[in-house]
file entry29.txt (compact mmCIF, C-alpha atoms and all ligand atoms)
# COMPACT_ATOMS: atom_id res chain seq x y z
CA PRO A 1 38.98 -47.98 4.85
CA ARG A 2 36.42 -45.48 6.14
CA SER A 3 35.57 -42.91 3.52
CA TYR A 4 33.55 -39.68 3.43
CA THR A 5 32.34 -37.48 0.60
CA ILE A 6 32.60 -33.78 1.39
CA ALA A 7 30.95 -31.00 -0.61
CA VAL A 8 33.43 -28.11 -0.73
CA ILE A 9 32.01 -24.62 -1.34
CA PRO A 10 34.67 -21.90 -1.03
CA GLY A 11 32.32 -18.98 -1.87
CA ASP A 12 33.74 -15.45 -2.12
CA GLY A 13 36.50 -13.24 -0.78
CA ILE A 14 38.64 -14.82 1.92
CA GLY A 15 36.51 -17.98 1.67
CA LEU A 16 38.61 -18.74 -1.42
CA GLU A 17 41.81 -18.11 0.54
CA VAL A 18 41.19 -20.04 3.75
CA MET A 19 39.72 -23.08 2.02
CA PRO A 20 42.90 -24.51 0.35
CA PRO A 21 45.07 -24.66 3.53
CA ALA A 22 42.10 -26.02 5.47
CA LEU A 23 41.60 -28.81 2.93
CA ARG A 24 45.29 -29.67 3.27
CA CYS A 25 44.86 -29.91 7.05
CA LEU A 26 41.91 -32.28 6.59
CA GLU A 27 43.95 -34.35 4.09
CA ALA A 28 46.79 -34.57 6.59
CA ALA A 29 44.37 -35.76 9.29
CA ALA A 30 42.84 -38.37 6.96
CA THR A 31 46.25 -39.73 5.94
CA ARG A 32 47.51 -39.81 9.50
CA PHE A 33 44.38 -41.48 10.94
CA GLY A 34 43.63 -43.90 8.10
CA PHE A 35 40.43 -42.73 6.43
CA LYS A 36 39.61 -41.25 3.05
CA LEU A 37 38.06 -37.89 2.17
CA GLU A 38 36.63 -37.31 -1.28
CA PHE A 39 36.27 -33.57 -1.88
CA ARG A 40 33.66 -32.39 -4.42
CA SER A 41 34.30 -28.75 -5.12
CA PHE A 42 31.49 -26.46 -6.26
CA PRO A 43 31.92 -22.92 -7.65
CA TRP A 44 28.31 -21.90 -6.94
CA ALA A 45 26.85 -20.26 -3.84
CA SER A 46 29.17 -17.39 -4.69
CA CYS A 47 28.69 -13.91 -6.11
CA THR A 48 31.05 -14.76 -8.98
CA TYR A 49 28.66 -17.51 -10.02
CA TYR A 50 25.67 -15.19 -9.58
CA LEU A 51 27.15 -12.52 -11.83
CA LYS A 52 27.65 -15.13 -14.57
CA HIS A 53 24.38 -17.10 -14.20
CA GLY A 54 21.90 -14.74 -12.56
CA THR A 55 21.24 -17.26 -9.79
CA MET A 56 23.25 -18.23 -6.73
CA LEU A 57 22.60 -21.96 -7.15
CA PRO A 58 22.21 -24.43 -10.02
CA SER A 59 18.81 -26.18 -10.21
CA ASP A 60 20.24 -29.53 -9.01
CA TRP A 61 22.10 -28.13 -5.98
CA LYS A 62 20.06 -30.14 -3.51
CA GLU A 63 20.81 -33.51 -5.08
CA LEU A 64 24.48 -32.61 -5.45
CA LEU A 65 24.76 -31.78 -1.75
CA GLN A 66 22.60 -34.67 -0.58
CA ALA A 67 25.05 -37.02 -2.33
CA CYS A 68 27.61 -35.95 0.29
CA ASP A 69 28.19 -36.80 3.96
CA ALA A 70 28.81 -33.19 4.96
CA ILE A 71 29.21 -29.70 3.53
CA TYR A 72 32.35 -27.62 4.05
CA PHE A 73 31.56 -23.97 3.38
CA GLY A 74 33.86 -20.92 3.19
CA ALA A 75 32.07 -17.57 3.16
CA VAL A 76 29.73 -15.78 0.79
CA GLY A 77 29.17 -12.12 0.05
CA ASP A 78 30.41 -9.35 -2.19
CA PRO A 79 28.24 -6.37 -1.27
CA ALA A 80 29.95 -4.20 -3.91
CA THR A 81 28.43 -6.29 -6.74
CA VAL A 82 25.49 -8.27 -5.28
CA PRO A 83 23.14 -7.12 -2.48
CA ASP A 84 23.81 -9.17 0.66
CA HIS A 85 20.24 -10.35 1.13
CA ILE A 86 20.29 -11.87 -2.36
CA SER A 87 23.62 -13.66 -2.00
CA LEU A 88 22.99 -14.87 1.54
CA TRP A 89 19.34 -15.93 1.18
CA GLY A 90 20.45 -17.66 -2.04
CA SER A 91 23.19 -19.67 -0.31
CA ILE A 92 23.94 -20.28 3.34
CA LEU A 93 20.46 -19.32 4.59
CA ALA A 94 18.88 -21.58 1.94
CA PHE A 95 21.09 -24.50 3.02
CA ARG A 96 20.24 -24.03 6.70
CA ARG A 97 16.51 -23.93 6.02
CA GLU A 98 16.21 -26.52 3.25
CA PHE A 99 18.34 -29.04 5.15
CA ASP A 100 16.66 -28.12 8.44
CA GLN A 101 20.02 -27.49 10.13
CA TYR A 102 18.27 -26.29 13.23
CA ILE A 103 21.30 -26.06 15.53
CA ASN A 104 24.11 -23.62 14.97
CA LEU A 105 26.81 -24.65 17.41
CA ARG A 106 29.59 -22.14 17.93
CA PRO A 107 32.36 -22.84 20.44
CA CYS A 108 34.20 -19.91 21.96
CA ARG A 109 37.52 -20.62 23.65
CA LEU A 110 40.59 -18.76 24.67
CA ILE A 111 43.40 -20.40 22.71
CA PRO A 112 46.93 -20.26 24.10
CA GLY A 113 48.79 -17.72 22.00
CA VAL A 114 45.80 -15.67 20.89
CA THR A 115 46.05 -12.37 22.72
CA SER A 116 42.91 -10.98 24.28
CA PRO A 117 42.52 -8.07 26.68
CA LEU A 118 39.94 -10.22 28.44
CA ALA A 119 42.22 -13.23 28.88
CA ASN A 120 42.87 -14.68 32.28
CA ARG A 121 40.15 -12.78 34.12
CA ALA A 122 40.08 -14.16 37.64
CA GLY A 123 42.66 -16.68 36.41
CA LYS A 124 39.90 -18.56 34.62
CA PRO A 125 39.75 -19.75 31.01
CA ILE A 126 37.05 -18.65 28.55
CA ASP A 127 35.32 -21.77 27.33
CA PHE A 128 31.67 -21.76 26.30
CA PHE A 129 29.32 -22.64 23.48
CA THR A 130 26.72 -20.50 21.79
CA VAL A 131 23.77 -22.62 20.69
CA ARG A 132 21.91 -20.60 18.11
CA GLU A 133 18.46 -21.39 16.72
CA ASN A 134 19.16 -21.65 13.00
CA THR A 135 15.99 -22.00 10.91
CA GLU A 136 13.34 -19.54 12.13
CA GLY A 137 12.97 -16.67 14.62
CA GLU A 138 13.87 -13.20 13.35
CA TYR A 139 15.17 -14.70 10.06
CA SER A 140 11.75 -15.20 8.54
CA SER A 141 10.59 -14.56 5.01
CA ILE A 142 7.13 -13.47 6.17
CA GLY A 143 6.47 -9.83 5.63
CA GLY A 144 6.52 -7.21 2.93
CA MET A 145 6.02 -3.61 1.98
CA ILE A 146 2.80 -1.66 1.69
CA PHE A 147 2.12 1.83 0.38
CA GLU A 148 5.35 1.49 -1.61
CA GLY A 149 6.73 4.75 -2.90
CA THR A 150 4.43 6.92 -0.79
CA GLU A 151 4.96 8.83 2.44
CA ARG A 152 3.15 6.01 4.21
CA GLU A 153 5.64 3.39 3.00
CA THR A 154 5.74 0.61 5.60
CA VAL A 155 7.84 -2.54 5.91
CA ILE A 156 7.00 -5.49 8.10
CA GLN A 157 8.95 -8.69 8.80
CA ASN A 158 7.49 -11.15 11.25
CA THR A 159 9.40 -13.17 13.81
CA VAL A 160 8.38 -16.81 13.84
CA PHE A 161 8.82 -19.07 16.88
CA THR A 162 7.31 -22.55 16.54
CA ARG A 163 6.97 -24.86 19.53
CA VAL A 164 8.97 -27.53 17.70
CA GLY A 165 11.66 -25.06 16.62
CA VAL A 166 12.08 -23.46 20.03
CA ASP A 167 11.90 -26.70 22.02
CA ARG A 168 14.46 -28.58 19.94
CA VAL A 169 17.16 -25.93 20.24
CA ILE A 170 16.56 -25.42 23.96
CA ARG A 171 16.62 -29.17 24.58
CA TYR A 172 19.86 -29.50 22.59
CA ALA A 173 21.40 -26.74 24.71
CA PHE A 174 20.29 -28.43 27.96
CA GLU A 175 21.77 -31.74 26.80
CA LEU A 176 25.06 -30.02 25.96
CA ALA A 177 25.10 -28.24 29.33
CA ARG A 178 24.40 -31.54 31.11
CA SER A 179 27.42 -33.12 29.38
CA ARG A 180 29.82 -30.44 30.63
CA PRO A 181 31.40 -30.06 34.08
CA ALA A 182 29.84 -26.67 34.89
CA LYS A 183 26.31 -27.79 33.83
CA LYS A 184 25.13 -24.23 33.37
CA LEU A 185 22.77 -22.81 30.77
CA THR A 186 22.30 -19.13 30.00
CA SER A 187 19.27 -18.13 27.95
CA ALA A 188 19.35 -14.93 25.91
CA THR A 189 16.02 -13.14 25.97
CA LYS A 190 14.38 -9.74 25.54
CA SER A 191 11.01 -10.46 27.06
CA ASN A 192 10.82 -6.99 28.62
CA GLY A 193 10.51 -5.31 25.23
CA ILE A 194 9.62 -7.97 22.66
CA SER A 195 6.42 -8.83 24.41
CA ILE A 196 4.97 -11.82 22.55
CA THR A 197 7.70 -14.01 21.10
CA MET A 198 10.30 -13.56 23.83
CA PRO A 199 8.02 -14.34 26.82
CA TYR A 200 7.13 -17.49 24.87
CA TRP A 201 10.85 -18.36 24.57
CA ASP A 202 11.29 -17.83 28.35
CA GLN A 203 8.26 -19.98 29.09
CA ARG A 204 9.64 -22.87 26.97
CA VAL A 205 13.03 -22.58 28.73
CA GLU A 206 11.29 -22.80 32.13
CA GLU A 207 9.17 -25.73 31.02
CA ILE A 208 12.06 -27.75 29.58
CA ALA A 209 14.28 -26.89 32.56
CA LYS A 210 12.05 -29.19 34.64
CA GLU A 211 13.52 -32.12 32.69
CA TYR A 212 17.04 -31.03 33.66
CA PRO A 213 17.13 -30.44 37.43
CA ASP A 214 20.89 -31.02 37.37
CA VAL A 215 21.47 -28.02 35.07
CA GLN A 216 21.69 -24.52 36.53
CA VAL A 217 19.62 -22.10 34.42
CA GLU A 218 19.81 -18.33 34.18
CA LYS A 219 18.39 -15.81 31.75
CA TYR A 220 19.51 -12.34 30.75
CA HIS A 221 18.09 -9.77 28.41
CA ILE A 222 20.30 -9.54 25.35
CA ASP A 223 21.52 -6.01 26.08
CA ILE A 224 22.99 -6.75 29.50
CA LEU A 225 24.12 -10.19 28.32
CA CYS A 226 26.36 -8.45 25.77
CA ALA A 227 27.82 -6.40 28.61
CA HIS A 228 28.41 -9.53 30.71
CA PHE A 229 30.14 -11.21 27.75
CA VAL A 230 32.70 -8.41 27.78
CA GLN A 231 33.02 -8.05 31.55
CA ARG A 232 33.01 -11.70 32.62
CA PRO A 233 33.27 -14.03 29.62
CA HIS A 234 34.84 -16.74 31.81
CA THR A 235 31.54 -17.32 33.65
CA PHE A 236 29.57 -18.73 30.69
CA ASP A 237 29.20 -22.40 29.84
CA VAL A 238 26.36 -22.93 27.32
CA VAL A 239 24.45 -19.93 25.97
CA VAL A 240 21.25 -20.50 24.02
CA GLY A 241 19.62 -17.84 21.87
CA SER A 242 17.26 -17.14 19.03
CA ASN A 243 18.57 -16.83 15.47
CA LEU A 244 19.41 -13.12 15.71
CA PHE A 245 20.61 -13.07 19.33
CA GLY A 246 22.75 -16.15 18.68
CA ASP A 247 24.23 -14.47 15.62
CA ILE A 248 25.25 -11.40 17.60
CA LEU A 249 26.61 -13.34 20.58
CA SER A 250 28.67 -15.63 18.37
CA ASP A 251 30.66 -12.70 16.93
CA LEU A 252 30.95 -11.00 20.31
CA GLY A 253 32.15 -14.15 22.11
CA PRO A 254 35.11 -14.84 19.80
CA ALA A 255 35.99 -11.13 19.73
CA CYS A 256 36.32 -11.43 23.53
CA THR A 257 38.86 -14.23 23.00
CA GLY A 258 40.92 -12.05 20.65
CA THR A 259 39.61 -12.38 17.07
CA ILE A 260 36.62 -13.68 15.17
CA GLY A 261 39.13 -15.14 12.68
CA ILE A 262 39.49 -18.31 14.76
CA ALA A 263 35.79 -19.00 15.38
CA PRO A 264 34.14 -22.09 13.84
CA SER A 265 30.54 -23.05 13.43
CA ALA A 266 28.56 -26.26 12.89
CA ASN A 267 25.11 -26.04 11.28
CA LEU A 268 23.63 -29.31 12.45
CA ASN A 269 20.63 -31.41 11.76
CA PRO A 270 21.27 -33.81 14.64
CA SER A 271 18.30 -36.04 13.76
CA SER A 272 18.99 -36.81 10.08
CA ARG A 273 20.65 -40.16 9.29
CA ARG A 274 22.01 -40.86 5.85
CA GLU A 275 21.41 -44.60 6.23
CA ASP A 276 17.72 -44.16 7.14
CA PRO A 277 15.70 -44.86 3.95
CA ASN A 278 12.44 -43.46 5.40
CA THR A 279 13.48 -39.85 5.89
CA PRO A 280 15.25 -37.42 3.57
CA TRP A 281 18.97 -37.02 4.14
CA PHE A 282 19.86 -33.55 5.37
CA PRO A 283 23.66 -33.12 5.53
CA SER A 284 25.15 -30.81 8.16
CA LEU A 285 27.32 -27.84 7.20
CA PHE A 286 30.59 -26.63 8.69
CA GLU A 287 31.90 -23.09 8.18
CA PRO A 288 33.84 -20.36 9.93
CA VAL A 289 31.75 -17.77 11.82
CA HIS A 290 33.29 -14.93 9.82
CA GLY A 291 32.23 -13.70 6.39
CA SER A 292 34.05 -12.98 3.13
CA ALA A 293 35.93 -9.97 4.61
CA PRO A 294 36.13 -7.83 1.45
CA ASP A 295 38.37 -5.37 3.31
CA ILE A 296 41.27 -7.85 3.44
CA ALA A 297 40.39 -10.21 0.57
CA GLY A 298 43.17 -10.72 -1.98
CA GLN A 299 45.96 -9.95 0.47
CA GLY A 300 46.61 -13.51 1.64
CA ILE A 301 46.47 -12.51 5.30
CA ALA A 302 43.13 -13.96 6.41
CA ASN A 303 43.26 -16.11 9.52
CA PRO A 304 42.65 -19.72 8.39
CA VAL A 305 42.00 -21.06 11.91
CA GLY A 306 38.19 -20.55 11.83
CA MET A 307 38.00 -22.60 8.65
CA ILE A 308 40.39 -25.29 9.98
CA TRP A 309 38.59 -25.51 13.33
CA ALA A 310 35.29 -25.89 11.43
CA GLY A 311 36.93 -28.85 9.66
CA GLN A 312 37.82 -30.22 13.07
CA MET A 313 34.14 -30.03 14.09
CA MET A 314 33.22 -31.80 10.85
CA LEU A 315 35.57 -34.71 11.56
CA GLU A 316 34.15 -35.01 15.06
CA HIS A 317 30.63 -35.04 13.59
CA LEU A 318 31.64 -37.77 11.13
CA GLY A 319 32.85 -39.90 14.03
CA GLU A 320 36.60 -39.40 13.49
CA LYS A 321 37.24 -38.42 17.10
CA ASN A 322 40.98 -39.17 17.19
CA ALA A 323 41.64 -37.13 14.06
CA ALA A 324 39.45 -34.30 15.39
CA ASP A 325 41.32 -34.27 18.72
CA ALA A 326 44.64 -34.20 16.89
CA MET A 327 43.50 -31.26 14.76
CA MET A 328 42.51 -29.29 17.86
CA ARG A 329 45.83 -30.06 19.53
CA ALA A 330 47.66 -28.98 16.37
CA ILE A 331 45.85 -25.61 16.30
CA GLU A 332 46.63 -25.02 19.97
CA THR A 333 50.24 -26.17 19.68
CA VAL A 334 51.04 -23.99 16.66
CA LEU A 335 49.39 -20.86 18.06
CA GLY A 336 50.83 -21.35 21.56
CA ARG A 337 54.32 -21.97 20.20
CA ALA A 338 54.19 -18.91 17.96
CA LYS A 339 53.30 -16.70 20.88
CA ASP A 340 56.28 -18.03 22.81
CA GLY A 341 58.49 -16.95 19.92
CA ALA A 342 59.15 -20.51 18.74
CA GLY A 343 58.13 -22.25 15.50
CA GLY A 344 58.34 -19.09 13.41
CA GLY A 345 57.16 -16.85 16.24
CA LEU A 346 54.97 -13.91 15.36
CA ASN A 347 55.94 -14.43 11.72
CA ILE A 348 53.46 -17.26 11.63
CA LEU A 349 50.44 -15.50 13.19
CA THR A 350 48.12 -13.52 10.91
CA PRO A 351 47.70 -9.76 11.56
CA ASP A 352 44.37 -10.18 13.40
CA MET A 353 46.45 -12.02 16.04
CA GLN A 354 49.08 -9.26 16.15
CA GLY A 355 51.45 -11.20 13.86
CA LYS A 356 53.04 -10.74 10.46
CA GLY A 357 52.17 -14.13 9.00
CA THR A 358 50.12 -15.15 5.98
CA THR A 359 47.18 -17.51 5.53
CA GLU A 360 49.49 -19.98 3.79
CA GLU A 361 52.24 -19.90 6.42
CA LEU A 362 49.89 -20.44 9.34
CA GLY A 363 47.87 -23.06 7.46
CA SER A 364 51.02 -24.99 6.53
CA ALA A 365 52.34 -24.93 10.07
CA ILE A 366 49.08 -26.45 11.35
CA GLU A 367 49.03 -28.98 8.51
CA GLN A 368 52.55 -30.15 9.40
CA GLU A 369 51.65 -30.41 13.06
CA ILE A 370 48.64 -32.60 12.21
CA ALA A 371 50.79 -34.82 9.99
CA ARG A 372 53.14 -35.56 12.86
CA ALA A 373 50.36 -36.07 15.42
CA ALA A 374 51.05 -38.79 17.96
P1 LIG B 401 33.26 -10.32 8.04
O1 LIG B 401 33.25 -11.41 9.04
O2 LIG B 401 33.45 -10.74 6.64
O3 LIG B 401 34.39 -9.27 8.43
C1 LIG B 401 34.32 -8.49 9.60
C2 LIG B 401 35.72 -7.97 9.99
O4 LIG B 401 36.49 -9.06 10.52
C3 LIG B 401 36.50 -7.41 8.81
O5 LIG B 401 37.28 -6.33 9.24
C4 LIG B 401 37.39 -8.57 8.42
O6 LIG B 401 38.61 -8.19 7.80
C5 LIG B 401 37.65 -9.26 9.74
N1 LIG B 401 37.82 -10.71 9.53
C6 LIG B 401 36.82 -11.60 9.27
N2 LIG B 401 37.33 -12.82 9.11
C7 LIG B 401 38.67 -12.72 9.27
C8 LIG B 401 39.73 -13.65 9.21
N3 LIG B 401 39.53 -14.96 8.94
N4 LIG B 401 40.99 -13.19 9.41
C9 LIG B 401 41.22 -11.90 9.68
N5 LIG B 401 40.24 -10.98 9.76
C10 LIG B 401 38.97 -11.37 9.54
O7 LIG B 401 31.87 -9.54 8.20
P2 LIG B 401 31.24 -8.36 7.32
O8 LIG B 401 32.31 -7.40 6.93
O9 LIG B 401 30.09 -7.90 8.07
O10 LIG B 401 30.71 -9.07 6.02
C11 LIG B 401 31.39 -9.15 4.78
C12 LIG B 401 30.57 -9.97 3.81
O11 LIG B 401 30.48 -11.32 4.27
C13 LIG B 401 29.12 -9.50 3.66
O12 LIG B 401 28.73 -9.77 2.35
C14 LIG B 401 28.37 -10.37 4.63
O13 LIG B 401 27.00 -10.50 4.34
C15 LIG B 401 29.10 -11.68 4.43
N6 LIG B 401 29.03 -12.63 5.54
C16 LIG B 401 28.95 -13.94 5.18
C17 LIG B 401 28.97 -14.92 6.14
C18 LIG B 401 28.89 -16.33 5.71
O14 LIG B 401 29.15 -16.65 4.56
N7 LIG B 401 28.54 -17.25 6.57
C19 LIG B 401 29.11 -14.57 7.49
C20 LIG B 401 29.20 -13.21 7.84
C21 LIG B 401 29.17 -12.24 6.85
C1 LIG B 402 26.56 -15.94 10.21
C2 LIG B 402 26.32 -14.82 9.23
C3 LIG B 402 24.99 -14.99 8.52
C4 LIG B 402 23.88 -15.00 9.56
C5 LIG B 402 24.68 -13.92 7.47
C6 LIG B 402 25.82 -13.82 6.48
C7 LIG B 402 23.37 -14.12 6.80
O1 LIG B 402 26.40 -13.59 9.89
O2 LIG B 402 26.63 -17.10 9.78
O3 LIG B 402 26.71 -15.67 11.40
O4 LIG B 402 23.38 -13.96 9.95
O5 LIG B 402 23.51 -16.09 9.97
MN MN B 403 27.04 -13.71 11.96

call {"tool": "encode", "arguments": {"input": "entry29.txt", "output": "structure tokens"}}
result
Amino acid sequence: PRSYTIAVIPGDGIGLEVMPPALRCLEAAATRFGFKLEFRSFPWASCTYYLKHGTMLPSDWKELLQACDAIYFGAVGDPATVPDHISLWGSILAFRREFDQYINLRPCRLIPGVTSPLANRAGKPIDFFTVRENTEGEYSSIGGMIFEGTERETVIQNTVFTRVGVDRVIRYAFELARSRPAKKLTSATKSNGISITMPYWDQRVEEIAKEYPDVQVEKYHIDILCAHFVQRPHTFDVVVGSNLFGDILSDLGPACTGTIGIAPSANLNPSSRREDPNTPWFPSLFEPVHGSAPDIAGQGIANPVGMIWAGQMMLEHLGEKNAADAMMRAIETVLGRAKDGAGGGLNILTPDMQGKGTTEELGSAIEQEIARAA
């Protein structure tokens, strides 16, 4: 039978809580649809590991991950014990850069059952993707401090846009827009204020747009785009942005659909092929959009849907389309049913969805629904 090796990195905080039910959902999908998943669990890329070893990663982390077909990642960060820039640059940001996962694909959809004050605007669904540049831009390691410790202390961090880096994410976004019914691309910019890098971004969008005459293109400065997300989220289809703008929009989008607890994310290197002996294998990584949520960690009430939906994206990426479709249906069925008062009702929804349920209860309900998928 078909078989996949998955690196499992739970991380910190609620990452440790949403991972187990999500793995059970993936198991259920594999059993139901006749393939095998081998999970290799790693305790590193966590602050717990850092506090014991003084590093976020073991020296052979790359080989360990490259021996897998995909990476399934929870969330990292414990700002009370380890500064965020150390834990994050030593884990998820290192994976994205070292494995050249240059696309961060983040779907944003209104799910039946998830209450949002912005739902049903103009009777239209919310259904769009954020395509975030994921390896360069504002997240650069170029810069430093001068005149340290004096009144003239100065810090500088440079934004880096390469032609290759900008073009490949814009082209990916155009291809995605072309594949969807609305065929519309929105570019996030700030070329009025950020006067060198952002006009360059706009210019590359205009240039590449010539290859896609069938796609409608628009651009907005990031400030007003945030306002439009709140006031008319139903009008977006594919939104492309730099690393930082994409980061911001991909929390704002899911918040507009009710909670960031349901939002998934795929860190993709769409060009790397494991079977190609001439190029290094760069596995893609699947994670929820949210972080380790120290404010609710340990309470067992984290929403597991972001983690489960990320698993759904991973199965789709691995080519298990039927299983992926069944997982999505299961998420929608369980949440929709709960809202209608059936299948455990509000007792099954986690508090971020106005319910009284736990991570385990909601995860188990989705797992059971996947197991009985038609
Ligand atoms: P966060 O996403 O962890 O939490 C923001 C808010 O949303 C909190 O109130 C939290 O309780 C809530 N929330 C998040 N996920 C939820 C879920 N599944 N169910 C219910 N509520 C949920 O963001 P933050 O507070 O800015 O960051 C906390 C830590 O996580 C920091 O160390 C940060 O650097 C890190 N972080 C890591 C990742 C990642 O690993 N990819 C992503 C974002 C933040
Ligand atoms: C995300 C997170 C990360 C990012 C942080 C934790 C470095 O917010 O995945 O959206 O900014 O990319
Ligand atoms: Mn983020």

call {"tool": "residues_around", "arguments": {"input": "entry29.txt", "residues": "Arg274 in chain A", "least_positions_apart": "3", "cutoff": "12 Å", "atoms": "all atoms listed in the file", "output": "ChimeraX atom specification"}}
result
/A:4,66-70,269-271,277-284,318

call {"tool": "residues_near_ligand", "arguments": {"input": "entry29.txt", "ligand": "ligand LIG 402 (chain B)", "cutoff": "6 Å", "atoms": "all atoms listed in the file", "output": "list in words"}}
result
Leu88, Asp247 and Val289 of chain A

call {"tool": "closest_atom_pairs", "arguments": {"input": "entry29.txt", "of": "chain A", "to": "ligand LIG 401 (chain B)", "cutoff": "9 Å", "atoms": "only C-alpha atoms and all ligand atoms", "output": "JSON lines"}}
result
{"residue": "A:Gly11", "atom": "CA", "partner": "B:LIG401", "partner_atom": "O14", "distance": 7.5}
{"residue": "A:Asp12", "atom": "CA", "partner": "B:LIG401", "partner_atom": "O14", "distance": 8.2}
{"residue": "A:Gly13", "atom": "CA", "partner": "B:LIG401", "partner_atom": "O11", "distance": 8.1}
{"residue": "A:Ile14", "atom": "CA", "partner": "B:LIG401", "partner_atom": "N3", "distance": 7.1}
{"residue": "A:Gly15", "atom": "CA", "partner": "B:LIG401", "partner_atom": "O14", "distance": 8.0}
{"residue": "A:Val18", "atom": "CA", "partner": "B:LIG401", "partner_atom": "N3", "distance": 7.4}
{"residue": "A:Phe73", "atom": "CA", "partner": "B:LIG401", "partner_atom": "O14", "distance": 7.8}
{"residue": "A:Gly74", "atom": "CA", "partner": "B:LIG401", "partner_atom": "O14", "distance": 6.5}
{"residue": "A:Ala75", "atom": "CA", "partner": "B:LIG401", "partner_atom": "O14", "distance": 3.4}
{"residue": "A:Val76", "atom": "CA", "partner": "B:LIG401", "partner_atom": "O14", "distance": 3.9}
{"residue": "A:Gly77", "atom": "CA", "partner": "B:LIG401", "partner_atom": "O12", "distance": 3.3}
{"residue": "A:Asp78", "atom": "CA", "partner": "B:LIG401", "partner_atom": "O12", "distance": 4.9}
{"residue": "A:Pro79", "atom": "CA", "partner": "B:LIG401", "partner_atom": "O12", "distance": 5.0}
{"residue": "A:Ala80", "atom": "CA", "partner": "B:LIG401", "partner_atom": "O12", "distance": 8.5}
{"residue": "A:Val82", "atom": "CA", "partner": "B:LIG401", "partner_atom": "O12", "distance": 8.4}
{"residue": "A:Pro83", "atom": "CA", "partner": "B:LIG401", "partner_atom": "O12", "distance": 7.8}
{"residue": "A:Asp84", "atom": "CA", "partner": "B:LIG401", "partner_atom": "O13", "distance": 5.0}
{"residue": "A:His85", "atom": "CA", "partner": "B:LIG401", "partner_atom": "O13", "distance": 7.5}
{"residue": "A:Ser87", "atom": "CA", "partner": "B:LIG401", "partner_atom": "O12", "distance": 7.8}
{"residue": "A:Leu88", "atom": "CA", "partner": "B:LIG401", "partner_atom": "O13", "distance": 6.6}
{"residue": "A:Ser91", "atom": "CA", "partner": "B:LIG401", "partner_atom": "O14", "distance": 8.3}
{"residue": "A:Ile92", "atom": "CA", "partner": "B:LIG401", "partner_atom": "N7", "distance": 6.4}
{"residue": "A:Leu93", "atom": "CA", "partner": "B:LIG401", "partner_atom": "N7", "distance": 8.6}
{"residue": "A:Asp251", "atom": "CA", "partner": "B:LIG401", "partner_atom": "O1", "distance": 8.4}
{"residue": "A:Thr259", "atom": "CA", "partner": "B:LIG401", "partner_atom": "N5", "distance": 7.5}
{"residue": "A:Ile260", "atom": "CA", "partner": "B:LIG401", "partner_atom": "N2", "distance": 6.2}
{"residue": "A:Gly261", "atom": "CA", "partner": "B:LIG401", "partner_atom": "N3", "distance": 3.8}
{"residue": "A:Ile262", "atom": "CA", "partner": "B:LIG401", "partner_atom": "N3", "distance": 6.7}
{"residue": "A:Ala263", "atom": "CA", "partner": "B:LIG401", "partner_atom": "N3", "distance": 8.5}
{"residue": "A:Glu287", "atom": "CA", "partner": "B:LIG401", "partner_atom": "N7", "distance": 6.9}
{"residue": "A:Pro288", "atom": "CA", "partner": "B:LIG401", "partner_atom": "N7", "distance": 7.0}
{"residue": "A:Val289", "atom": "CA", "partner": "B:LIG401", "partner_atom": "C19", "distance": 6.0}
{"residue": "A:His290", "atom": "CA", "partner": "B:LIG401", "partner_atom": "O1", "distance": 3.6}
{"residue": "A:Gly291", "atom": "CA", "partner": "B:LIG401", "partner_atom": "O2", "distance": 3.2}
{"residue": "A:Ser292", "atom": "CA", "partner": "B:LIG401", "partner_atom": "O11", "distance": 4.1}
{"residue": "A:Ala293", "atom": "CA", "partner": "B:LIG401", "partner_atom": "O2", "distance": 3.3}
{"residue": "A:Pro294", "atom": "CA", "partner": "B:LIG401", "partner_atom": "C11", "distance": 5.9}
{"residue": "A:Asp295", "atom": "CA", "partner": "B:LIG401", "partner_atom": "O6", "distance": 5.3}
{"residue": "A:Ile296", "atom": "CA", "partner": "B:LIG401", "partner_atom": "O6", "distance": 5.1}
{"residue": "A:Ala297", "atom": "CA", "partner": "B:LIG401", "partner_atom": "O6", "distance": 7.7}
{"residue": "A:Ile301", "atom": "CA", "partner": "B:LIG401", "partner_atom": "C9", "distance": 6.9}
{"residue": "A:Ala302", "atom": "CA", "partner": "B:LIG401", "partner_atom": "N4", "distance": 3.8}
{"residue": "A:Asn303", "atom": "CA", "partner": "B:LIG401", "partner_atom": "N4", "distance": 3.7}
{"residue": "A:Pro304", "atom": "CA", "partner": "B:LIG401", "partner_atom": "N3", "distance": 5.7}
{"residue": "A:Val305", "atom": "CA", "partner": "B:LIG401", "partner_atom": "N3", "distance": 7.2}
{"residue": "A:Gly306", "atom": "CA", "partner": "B:LIG401", "partner_atom": "N3", "distance": 6.4}
{"residue": "A:Met307", "atom": "CA", "partner": "B:LIG401", "partner_atom": "N3", "distance": 7.8}
{"residue": "A:Thr350", "atom": "CA", "partner": "B:LIG401", "partner_atom": "C9", "distance": 7.2}
{"residue": "A:Pro351", "atom": "CA", "partner": "B:LIG401", "partner_atom": "C9", "distance": 7.1}
{"residue": "A:Asp352", "atom": "CA", "partner": "B:LIG401", "partner_atom": "C9", "distance": 5.2}
{"residue": "A:Met353", "atom": "CA", "partner": "B:LIG401", "partner_atom": "C9", "distance": 8.2}
{"residue": "A:Thr359", "atom": "CA", "partner": "B:LIG401", "partner_atom": "N4", "distance": 8.5}

call {"tool": "residues_around", "arguments": {"input": "entry29.txt", "residues": "Ile208 in chain A", "least_positions_apart": "3", "cutoff": "8 Å", "atoms": "only C-alpha atoms", "output": "number ranges by chain"}}
result
A: 167, 170-171, 204-205, 211-212
